[in-house]
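The data block below is structure03.cif; it holds mmCIF, C-alpha atoms.
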data_target
loop_
_atom_site.group_PDB
_atom_site.id
_atom_site.type_symbol
_atom_site.label_atom_id
_atom_site.label_comp_id
_atom_site.auth_asym_id
_atom_site.auth_seq_id
_atom_site.Cartn_x
_atom_site.Cartn_y
_atom_site.Cartn_z
ATOM 1 C CA MET A 1 44.866 -115.796 127.072
ATOM 2 C CA SER A 2 42.649 -117.454 124.563
ATOM 3 C CA THR A 3 43.510 -120.401 122.370
ATOM 4 C CA VAL A 4 42.431 -120.255 118.765
ATOM 5 C CA ILE A 5 41.917 -123.516 116.932
ATOM 6 C CA PRO A 6 42.592 -122.729 113.290
ATOM 7 C CA TYR A 7 40.122 -123.964 110.704
ATOM 8 C CA THR A 8 41.610 -126.449 108.289
ATOM 9 C CA SER A 9 40.079 -127.521 105.001
ATOM 10 C CA GLU A 10 42.580 -130.332 104.550
ATOM 11 C CA ILE A 11 41.836 -133.998 104.943
ATOM 12 C CA ARG A 12 43.514 -135.283 108.115
ATOM 13 C CA PRO A 13 45.814 -138.241 107.426
ATOM 14 C CA ASP A 14 44.752 -140.121 110.577
ATOM 15 C CA THR A 15 40.983 -139.867 110.131
ATOM 16 C CA GLY A 16 40.920 -139.733 106.338
ATOM 17 C CA VAL A 17 38.290 -136.968 106.413
ATOM 18 C CA THR A 18 38.108 -133.240 107.104
ATOM 19 C CA ASN A 19 37.365 -132.169 110.688
ATOM 20 C CA VAL A 20 34.053 -130.607 109.698
ATOM 21 C CA LYS A 21 32.867 -133.850 108.126
ATOM 22 C CA LEU A 22 33.795 -135.986 111.136
ATOM 23 C CA GLY A 23 32.174 -133.414 113.414
ATOM 24 C CA ILE A 24 28.865 -133.275 111.561
ATOM 25 C CA TRP A 25 28.673 -137.096 111.304
ATOM 26 C CA LEU A 26 29.283 -137.476 115.055
ATOM 27 C CA PHE A 27 26.515 -134.953 115.631
ATOM 28 C CA LEU A 28 24.223 -136.936 113.287
ATOM 29 C CA ALA A 29 25.059 -140.112 115.234
ATOM 30 C CA SER A 30 23.734 -138.394 118.369
ATOM 31 C CA GLU A 31 20.670 -137.297 116.389
ATOM 32 C CA VAL A 32 20.018 -140.927 115.427
ATOM 33 C CA MET A 33 19.829 -141.711 119.145
ATOM 34 C CA LEU A 34 17.577 -138.701 119.862
ATOM 35 C CA PHE A 35 14.987 -139.611 117.223
ATOM 36 C CA GLY A 36 15.657 -143.343 117.712
ATOM 37 C CA SER A 37 14.675 -143.280 121.361
ATOM 38 C CA LEU A 38 11.482 -141.385 120.496
ATOM 39 C CA PHE A 39 10.679 -144.062 117.881
ATOM 40 C CA ALA A 40 11.268 -146.779 120.495
ATOM 41 C CA GLY A 41 8.973 -144.968 122.930
ATOM 42 C CA TYR A 42 6.317 -144.688 120.226
ATOM 43 C CA ILE A 43 6.503 -148.413 119.433
ATOM 44 C CA LEU A 44 6.255 -149.325 123.130
ATOM 45 C CA LEU A 45 3.229 -147.072 123.681
ATOM 46 C CA ARG A 46 1.541 -148.206 120.486
ATOM 47 C CA THR A 47 1.990 -151.960 120.920
ATOM 48 C CA GLY A 48 0.903 -151.643 124.543
ATOM 49 C CA ASN A 49 -2.460 -150.112 123.601
ATOM 50 C CA PRO A 50 -4.754 -151.927 121.121
ATOM 51 C CA GLU A 51 -6.877 -148.790 120.500
ATOM 52 C CA PHE A 52 -3.902 -146.612 119.694
ATOM 53 C CA GLY A 53 -4.141 -146.591 115.861
ATOM 54 C CA ALA A 54 -7.313 -144.506 115.810
ATOM 55 C CA GLY A 55 -5.289 -141.373 116.544
ATOM 56 C CA SER A 56 -3.777 -140.949 113.073
ATOM 57 C CA GLU A 57 -7.268 -140.478 111.555
ATOM 58 C CA ALA A 58 -7.263 -136.916 112.911
ATOM 59 C CA LEU A 59 -4.192 -136.034 110.816
ATOM 60 C CA SER A 60 -4.162 -134.579 107.317
ATOM 61 C CA VAL A 61 -2.556 -136.990 104.831
ATOM 62 C CA PRO A 62 -2.688 -134.513 101.874
ATOM 63 C CA MET A 63 -0.788 -131.852 103.873
ATOM 64 C CA ALA A 64 1.819 -134.377 105.024
ATOM 65 C CA THR A 65 2.186 -135.758 101.474
ATOM 66 C CA LEU A 66 2.706 -132.218 100.189
ATOM 67 C CA ASN A 67 5.369 -131.649 102.851
ATOM 68 C CA THR A 68 7.064 -134.937 101.929
ATOM 69 C CA VAL A 69 7.286 -133.801 98.301
ATOM 70 C CA VAL A 70 8.559 -130.355 99.400
ATOM 71 C CA LEU A 71 11.260 -131.831 101.651
ATOM 72 C CA ILE A 72 12.461 -134.396 99.088
ATOM 73 C CA THR A 73 12.660 -131.623 96.476
ATOM 74 C CA SER A 74 14.673 -129.464 98.873
ATOM 75 C CA SER A 75 17.044 -132.371 99.487
ATOM 76 C CA VAL A 76 17.832 -132.692 95.779
ATOM 77 C CA THR A 77 18.270 -128.914 95.353
ATOM 78 C CA MET A 78 20.607 -128.980 98.394
ATOM 79 C CA VAL A 79 22.875 -131.613 96.843
ATOM 80 C CA LEU A 80 22.761 -129.711 93.536
ATOM 81 C CA ALA A 81 23.788 -126.518 95.395
ATOM 82 C CA TRP A 82 26.790 -128.405 96.810
ATOM 83 C CA ALA A 83 27.622 -129.756 93.317
ATOM 84 C CA ALA A 84 27.463 -126.172 91.983
ATOM 85 C CA ALA A 85 29.810 -124.941 94.761
ATOM 86 C CA MET A 86 32.227 -127.750 93.859
ATOM 87 C CA GLU A 87 31.901 -126.991 90.164
ATOM 88 C CA ARG A 88 32.601 -123.295 90.910
ATOM 89 C CA ASN A 89 29.378 -122.019 89.375
ATOM 90 C CA PHE A 90 28.188 -119.212 91.664
ATOM 91 C CA ALA A 91 24.941 -118.403 89.811
ATOM 92 C CA LYS A 92 23.885 -122.048 89.929
ATOM 93 C CA PHE A 93 24.786 -122.294 93.627
ATOM 94 C CA LYS A 94 22.678 -119.218 94.415
ATOM 95 C CA LEU A 95 19.724 -120.644 92.473
ATOM 96 C CA PHE A 96 19.732 -124.096 94.063
ATOM 97 C CA MET A 97 20.480 -122.859 97.601
ATOM 98 C CA GLY A 98 17.678 -120.299 97.210
ATOM 99 C CA CYS A 99 15.304 -123.129 96.206
ATOM 100 C CA THR A 100 16.401 -125.148 99.255
ATOM 101 C CA VAL A 101 15.736 -122.267 101.656
ATOM 102 C CA LEU A 102 12.394 -121.539 99.973
ATOM 103 C CA ALA A 103 11.323 -125.191 100.232
ATOM 104 C CA GLY A 104 12.236 -125.170 103.934
ATOM 105 C CA ALA A 105 10.017 -122.099 104.382
ATOM 106 C CA VAL A 106 7.155 -123.771 102.472
ATOM 107 C CA PHE A 107 7.463 -126.807 104.761
ATOM 108 C CA CYS A 108 7.146 -124.561 107.836
ATOM 109 C CA VAL A 109 4.120 -122.712 106.428
ATOM 110 C CA VAL A 110 2.316 -125.999 105.645
ATOM 111 C CA LYS A 111 3.185 -127.243 109.141
ATOM 112 C CA ALA A 112 1.773 -124.035 110.655
ATOM 113 C CA PHE A 113 -1.519 -124.582 108.783
ATOM 114 C CA GLU A 114 -1.538 -128.196 109.944
ATOM 115 C CA TYR A 115 -0.987 -127.231 113.595
ATOM 116 C CA SER A 116 -3.599 -124.456 113.535
ATOM 117 C CA ALA A 117 -6.162 -126.922 112.121
ATOM 118 C CA LYS A 118 -5.420 -129.208 115.081
ATOM 119 C CA PHE A 119 -5.781 -126.350 117.575
ATOM 120 C CA GLU A 120 -9.117 -125.332 115.984
ATOM 121 C CA HIS A 121 -10.406 -128.815 116.764
ATOM 122 C CA HIS A 122 -9.019 -128.463 120.300
ATOM 123 C CA LEU A 123 -6.424 -131.136 119.653
ATOM 124 C CA TYR A 124 -3.504 -130.344 121.924
ATOM 125 C CA PRO A 125 -0.665 -132.559 123.189
ATOM 126 C CA SER A 126 -2.748 -133.105 126.328
ATOM 127 C CA HIS A 127 -5.622 -134.603 124.277
ATOM 128 C CA SER A 128 -4.257 -138.132 123.994
ATOM 129 C CA THR A 129 -1.058 -140.160 123.993
ATOM 130 C CA PHE A 130 -1.116 -140.116 120.195
ATOM 131 C CA MET A 131 -1.418 -136.317 120.047
ATOM 132 C CA ALA A 132 1.386 -135.973 122.619
ATOM 133 C CA ILE A 133 3.636 -138.143 120.430
ATOM 134 C CA TYR A 134 2.511 -136.373 117.252
ATOM 135 C CA PHE A 135 3.364 -132.906 118.598
ATOM 136 C CA THR A 136 6.641 -134.033 120.182
ATOM 137 C CA PHE A 137 7.824 -135.771 117.022
ATOM 138 C CA THR A 138 6.705 -133.206 114.443
ATOM 139 C CA GLY A 139 7.642 -130.271 116.713
ATOM 140 C CA LEU A 140 11.180 -131.545 117.235
ATOM 141 C CA HIS A 141 11.459 -132.267 113.517
ATOM 142 C CA ALA A 142 10.124 -128.799 112.599
ATOM 143 C CA LEU A 143 12.754 -127.247 114.928
ATOM 144 C CA HIS A 144 15.387 -129.103 112.931
ATOM 145 C CA VAL A 145 13.915 -127.780 109.682
ATOM 146 C CA VAL A 146 14.019 -124.206 111.041
ATOM 147 C CA ALA A 147 17.642 -124.609 112.204
ATOM 148 C CA GLY A 148 18.756 -126.097 108.876
ATOM 149 C CA MET A 149 16.872 -123.426 106.960
ATOM 150 C CA LEU A 150 18.496 -120.596 108.959
ATOM 151 C CA TYR A 151 22.001 -121.919 108.346
ATOM 152 C CA ASN A 152 21.260 -122.527 104.659
ATOM 153 C CA ALA A 153 19.937 -118.953 104.428
ATOM 154 C CA TYR A 154 23.210 -117.762 105.973
ATOM 155 C CA LEU A 155 25.246 -119.696 103.389
ATOM 156 C CA TRP A 156 22.945 -118.440 100.647
ATOM 157 C CA LEU A 157 23.210 -114.717 101.510
ATOM 158 C CA PRO A 158 25.868 -113.204 103.863
ATOM 159 C CA GLY A 159 27.936 -116.383 104.196
ATOM 160 C CA SER A 160 28.315 -116.746 100.435
ATOM 161 C CA LYS A 161 31.105 -114.124 100.521
ATOM 162 C CA MET A 162 33.402 -117.015 101.429
ATOM 163 C CA TYR A 163 32.694 -118.577 98.031
ATOM 164 C CA HIS A 164 35.177 -116.073 96.603
ATOM 165 C CA THR A 165 37.687 -115.876 99.472
ATOM 166 C CA ASN A 166 38.003 -119.534 100.505
ATOM 167 C CA PRO A 167 36.269 -121.827 97.986
ATOM 168 C CA GLN A 168 37.276 -125.138 99.614
ATOM 169 C CA GLN A 169 36.146 -124.145 103.099
ATOM 170 C CA PHE A 170 32.905 -122.824 101.629
ATOM 171 C CA ALA A 171 32.220 -126.073 99.738
ATOM 172 C CA ASN A 172 32.911 -128.011 102.969
ATOM 173 C CA ARG A 173 30.403 -125.823 104.821
ATOM 174 C CA VAL A 174 27.771 -126.423 102.155
ATOM 175 C CA GLU A 175 28.466 -130.161 102.331
ATOM 176 C CA ALA A 176 28.146 -130.251 106.150
ATOM 177 C CA SER A 177 24.944 -128.198 106.039
ATOM 178 C CA GLY A 178 23.698 -130.585 103.328
ATOM 179 C CA LEU A 179 24.424 -133.647 105.471
ATOM 180 C CA PHE A 180 22.280 -132.146 108.253
ATOM 181 C CA TRP A 181 19.526 -131.219 105.794
ATOM 182 C CA HIS A 182 19.429 -134.706 104.232
ATOM 183 C CA PHE A 183 19.247 -136.211 107.717
ATOM 184 C CA VAL A 184 16.215 -134.027 108.508
ATOM 185 C CA ASP A 185 14.671 -135.275 105.245
ATOM 186 C CA LEU A 186 15.515 -138.864 106.198
ATOM 187 C CA VAL A 187 13.770 -138.526 109.581
ATOM 188 C CA TRP A 188 10.663 -137.171 107.852
ATOM 189 C CA ILE A 189 10.675 -140.129 105.415
ATOM 190 C CA PHE A 190 10.118 -142.399 108.447
ATOM 191 C CA LEU A 191 7.851 -140.007 110.389
ATOM 192 C CA PHE A 192 5.421 -139.592 107.502
ATOM 193 C CA PRO A 193 4.188 -143.220 107.218
ATOM 194 C CA VAL A 194 4.566 -143.954 110.931
ATOM 195 C CA LEU A 195 2.448 -141.009 112.156
ATOM 196 C CA TYR A 196 0.089 -140.259 109.279
ATOM 197 C CA LEU A 197 -0.536 -143.492 107.410
ATOM 198 C CA LEU A 198 -0.476 -146.349 109.921
ATOM 199 C CA MET B 1 35.382 -141.257 95.189
ATOM 200 C CA ALA B 2 36.911 -137.975 96.272
ATOM 201 C CA HIS B 3 35.443 -134.779 94.892
ATOM 202 C CA THR B 4 37.871 -132.082 93.813
ATOM 203 C CA LEU B 5 37.090 -128.401 93.749
ATOM 204 C CA GLY B 6 36.598 -127.173 90.185
ATOM 205 C CA GLU B 7 35.429 -130.516 88.833
ATOM 206 C CA LYS B 8 31.748 -130.979 88.177
ATOM 207 C CA PRO B 9 30.349 -133.840 90.285
ATOM 208 C CA ASN B 10 28.134 -136.261 88.363
ATOM 209 C CA VAL B 11 24.611 -135.036 89.188
ATOM 210 C CA ARG B 12 22.737 -137.685 87.168
ATOM 211 C CA PRO B 13 22.420 -140.113 90.128
ATOM 212 C CA TYR B 14 20.888 -137.316 92.251
ATOM 213 C CA ILE B 15 18.163 -136.710 89.679
ATOM 214 C CA LEU B 16 17.433 -140.442 89.383
ATOM 215 C CA VAL B 17 17.265 -140.791 93.187
ATOM 216 C CA PHE B 18 14.902 -137.789 93.300
ATOM 217 C CA VAL B 19 12.558 -139.466 90.780
ATOM 218 C CA ALA B 20 12.731 -142.763 92.712
ATOM 219 C CA LEU B 21 11.898 -140.971 96.001
ATOM 220 C CA MET B 22 8.872 -139.289 94.419
ATOM 221 C CA VAL B 23 7.587 -142.582 92.962
ATOM 222 C CA LEU B 24 8.093 -144.383 96.296
ATOM 223 C CA THR B 25 6.232 -141.575 98.115
ATOM 224 C CA LEU B 26 3.275 -142.038 95.741
ATOM 225 C CA ILE B 27 3.384 -145.804 96.325
ATOM 226 C CA THR B 28 3.456 -145.316 100.122
ATOM 227 C CA VAL B 29 0.367 -143.086 99.998
ATOM 228 C CA ALA B 30 -1.451 -145.341 97.476
ATOM 229 C CA VAL B 31 -0.800 -148.457 99.569
ATOM 230 C CA SER B 32 -2.216 -146.753 102.672
ATOM 231 C CA TYR B 33 -5.605 -146.521 100.925
ATOM 232 C CA LEU B 34 -5.688 -150.295 100.298
ATOM 233 C CA ASP B 35 -6.661 -150.946 103.932
ATOM 234 C CA LEU B 36 -4.265 -153.841 104.376
ATOM 235 C CA PRO B 37 -4.237 -155.706 107.703
ATOM 236 C CA THR B 38 -2.290 -153.635 110.287
ATOM 237 C CA GLY B 39 0.716 -155.979 110.432
ATOM 238 C CA GLN B 40 1.159 -156.033 106.651
ATOM 239 C CA ALA B 41 0.576 -152.292 106.339
ATOM 240 C CA ILE B 42 3.265 -151.505 108.935
ATOM 241 C CA ALA B 43 5.755 -153.938 107.380
ATOM 242 C CA LEU B 44 5.213 -152.580 103.863
ATOM 243 C CA ALA B 45 5.331 -148.905 104.915
ATOM 244 C CA LEU B 46 8.550 -149.411 106.892
ATOM 245 C CA PHE B 47 10.060 -151.443 104.040
ATOM 246 C CA ILE B 48 9.423 -148.624 101.528
ATOM 247 C CA ALA B 49 10.632 -146.006 104.041
ATOM 248 C CA SER B 50 13.845 -148.007 104.539
ATOM 249 C CA ILE B 51 14.486 -148.041 100.778
ATOM 250 C CA LYS B 52 13.889 -144.285 100.612
ATOM 251 C CA GLY B 53 16.090 -143.650 103.645
ATOM 252 C CA SER B 54 18.894 -145.777 102.191
ATOM 253 C CA LEU B 55 18.711 -143.881 98.889
ATOM 254 C CA VAL B 56 19.044 -140.542 100.737
ATOM 255 C CA ALA B 57 21.931 -141.804 102.910
ATOM 256 C CA CYS B 58 23.830 -143.601 100.119
ATOM 257 C CA TYR B 59 23.508 -140.971 97.369
ATOM 258 C CA PHE B 60 22.613 -137.549 98.806
ATOM 259 C CA MET B 61 24.807 -138.058 101.894
ATOM 260 C CA HIS B 62 27.503 -139.895 99.898
ATOM 261 C CA LEU B 63 27.603 -142.670 102.477
ATOM 262 C CA MET B 64 28.220 -145.187 99.694
ATOM 263 C CA ASP B 65 31.746 -143.933 99.080
ATOM 264 C CA GLU B 66 32.493 -142.442 102.487
ATOM 265 C CA LYS B 67 35.560 -143.222 104.603
ATOM 266 C CA ARG B 68 35.565 -146.217 106.966
ATOM 267 C CA LEU B 69 35.656 -144.038 110.077
ATOM 268 C CA ILE B 70 32.314 -142.464 109.148
ATOM 269 C CA LEU B 71 30.764 -145.816 108.202
ATOM 270 C CA TRP B 72 31.819 -147.412 111.518
ATOM 271 C CA THR B 73 30.525 -144.415 113.472
ATOM 272 C CA MET B 74 27.121 -144.678 111.826
ATOM 273 C CA LEU B 75 27.050 -148.474 112.053
ATOM 274 C CA LEU B 76 27.687 -148.186 115.795
ATOM 275 C CA SER B 77 24.846 -145.713 116.266
ATOM 276 C CA ALA B 78 22.594 -147.940 114.105
ATOM 277 C CA LEU B 79 23.376 -150.848 116.471
ATOM 278 C CA PHE B 80 22.594 -148.692 119.498
ATOM 279 C CA PHE B 81 19.348 -147.651 117.814
ATOM 280 C CA LEU B 82 18.407 -151.324 117.285
ATOM 281 C CA PHE B 83 19.205 -151.973 120.946
ATOM 282 C CA VAL B 84 16.876 -149.148 121.984
ATOM 283 C CA LEU B 85 14.181 -150.663 119.753
ATOM 284 C CA ILE B 86 14.655 -154.090 121.328
ATOM 285 C CA ILE B 87 14.470 -152.860 124.951
ATOM 286 C CA PRO B 88 10.624 -152.713 124.943
ATOM 287 C CA THR B 89 10.518 -156.295 123.633
ATOM 288 C CA ILE B 90 12.931 -157.783 126.148
ATOM 289 C CA THR B 91 11.217 -156.054 129.026
ATOM 290 C CA ALA B 92 7.709 -156.954 127.815
ATOM 291 C CA GLY B 93 7.487 -159.923 130.184
ATOM 292 C CA ASN B 94 8.181 -157.775 133.229
ATOM 293 C CA THR B 95 5.146 -156.802 135.220
ATOM 294 C CA ILE B 96 4.903 -154.262 137.953
ATOM 295 C CA THR B 97 3.133 -155.462 141.056
ATOM 296 C CA LEU B 98 2.086 -152.999 143.670
#
If you took the structure in this file and wrote it as C-alpha cells, what would it be?
Amino acid sequence: MSTVIPYTSEIRPDTGVTNVKLGIWLFLASEVMLFGSLFAGYILLRTGNPEFGAGSEALSVPMATLNTVVLITSSVTMVLAWAAAMERNFAKFKLFMGCTVLAGAVFCVVKAFEYSAKFEHHLYPSHSTFMAIYFTFTGLHALHVVAGMLYNAYLWLPGSKMYHTNPQQFANRVEASGLFWHFVDLVWIFLFPVLYLL
Amino acid sequence: MAHTLGEKPNVRPYILVFVALMVLTLITVAVSYLDLPTGQAIALALFIASIKGSLVACYFMHLMDEKRLILWTMLLSALFFLFVLIIPTITAGNTITL
C-alpha cells in the first residue's frame, strides 16, 4: 500500500508559508553550507599560500563579466515571469520564462568556451591548487545552472499546462524555481570577483 | 506583503534592482583595473558583492517581506556559514609536528 501526500497550495497556519516555499528555503539553507564550506576552504588555501593570487591571471575577465550580465538579466526575467504568472498573463509568462531559459543556455555556452580555452592551454584541475578550486567552484555552479535551466524549461513548455488547470500551484512552482535560480545568481555574484578579479 | 493570484505585483523595484546590479557589476570590474593593494581590493570587491547579494535576496527572493520562519532559517544557516569561515582562523595557531 502506498501513501500519497496530497499537494496543497494553501498557506499552513502553523508555519505561515506554503509547504513548497518552506521546502525550497530549507534546501537553499543546505546550499549555503555547500558553497559556504567551499568558500572557507578557498580562503584557508589562499591565505596559507602567499603566491596564490597569480592563478586568477589565467582566467578570462571579459567572458566572466559577460556571464555575470547574462545571469543578472536572467534573474530579472525570472522574477518578471513569476509576476506574469501571478498577474495571469500567459503570453507575458511565456516570453519572460523563455528569456530566462535562453539566458541560462547562453551562460552554459560561454562557460563551455571558457573551459575549452583552459584545456587548450593544458590547464586542468591537476595543474595547480587555484585551477582545482576554479574547476570545482565553477563546475558545481554550472551544474546548478543546468539543473535550474532544465526545470525552468519544463515550466516553460510541458509544465505550463498547469497554468490553466491549477493557477495557484503553478505560480508557487514558478516562485520556488525562481528562488533556486536567484540563489544560483547570488552565488555567481560572489564567485565572479573572488575567482576572476582578486 | 502577500501576493494574491490575479493581482499584478509591482515590478518597478525589480527593474530598479536590475539597473543597480548592472551598475555595481561595472564598478566591480572597473575597480579591479585600479590595481589597489590586495587587502583593499578584496575588501572592496566583497563589499560590493555583499550589496549585490543583498539586493537579490531582499527583492528578487522577497526576503524583505518573508515570514519569520524563513528569516530565522536563513539567519541560522548564515551563522553556521560564518562559523565555517572562522574555523580556519581559530585553528591557524595549530601546527602539526611529525
For A:Val32, work out the shell of residues within 8 Å, counting only C-alpha atoms and skipping chain neighbours fewer than 2 positions away, then give it as a ChimeraX atom specification.
/A:28-30,34-36 /B:77-78,81
What residues come out when you apply the PyMOL selection byres ((chain A) within 9 of (chain B)) to this file, written as a ChimeraX atom specification?
/A:15-17,21-22,25-26,28-30,32-33,36-37,39-41,43-44,61,65,68-69,72-73,75-76,78-80,83-89,167-168,171,175,178-179,182-183,185-187,189-190,192-194,197-198
Quick one: everything within 10 Å of stretch 130-147 of chain A, counting only C-alpha atoms, minus sequence neighbours fewer than 3 positions away in the same chain. Send it as a PyMOL selection string.
chain A and resi 34-35+38-39+41-42+45-46+52-56+58-59+71+101+104-105+107-108+111-112+115+118+123-127+150-153+180-181+183-185+187-188+191-192+195-196
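The spacing separating atom CA of A:Trp82 from atom CA of A:Ile5 amounts to 25.6 Å.
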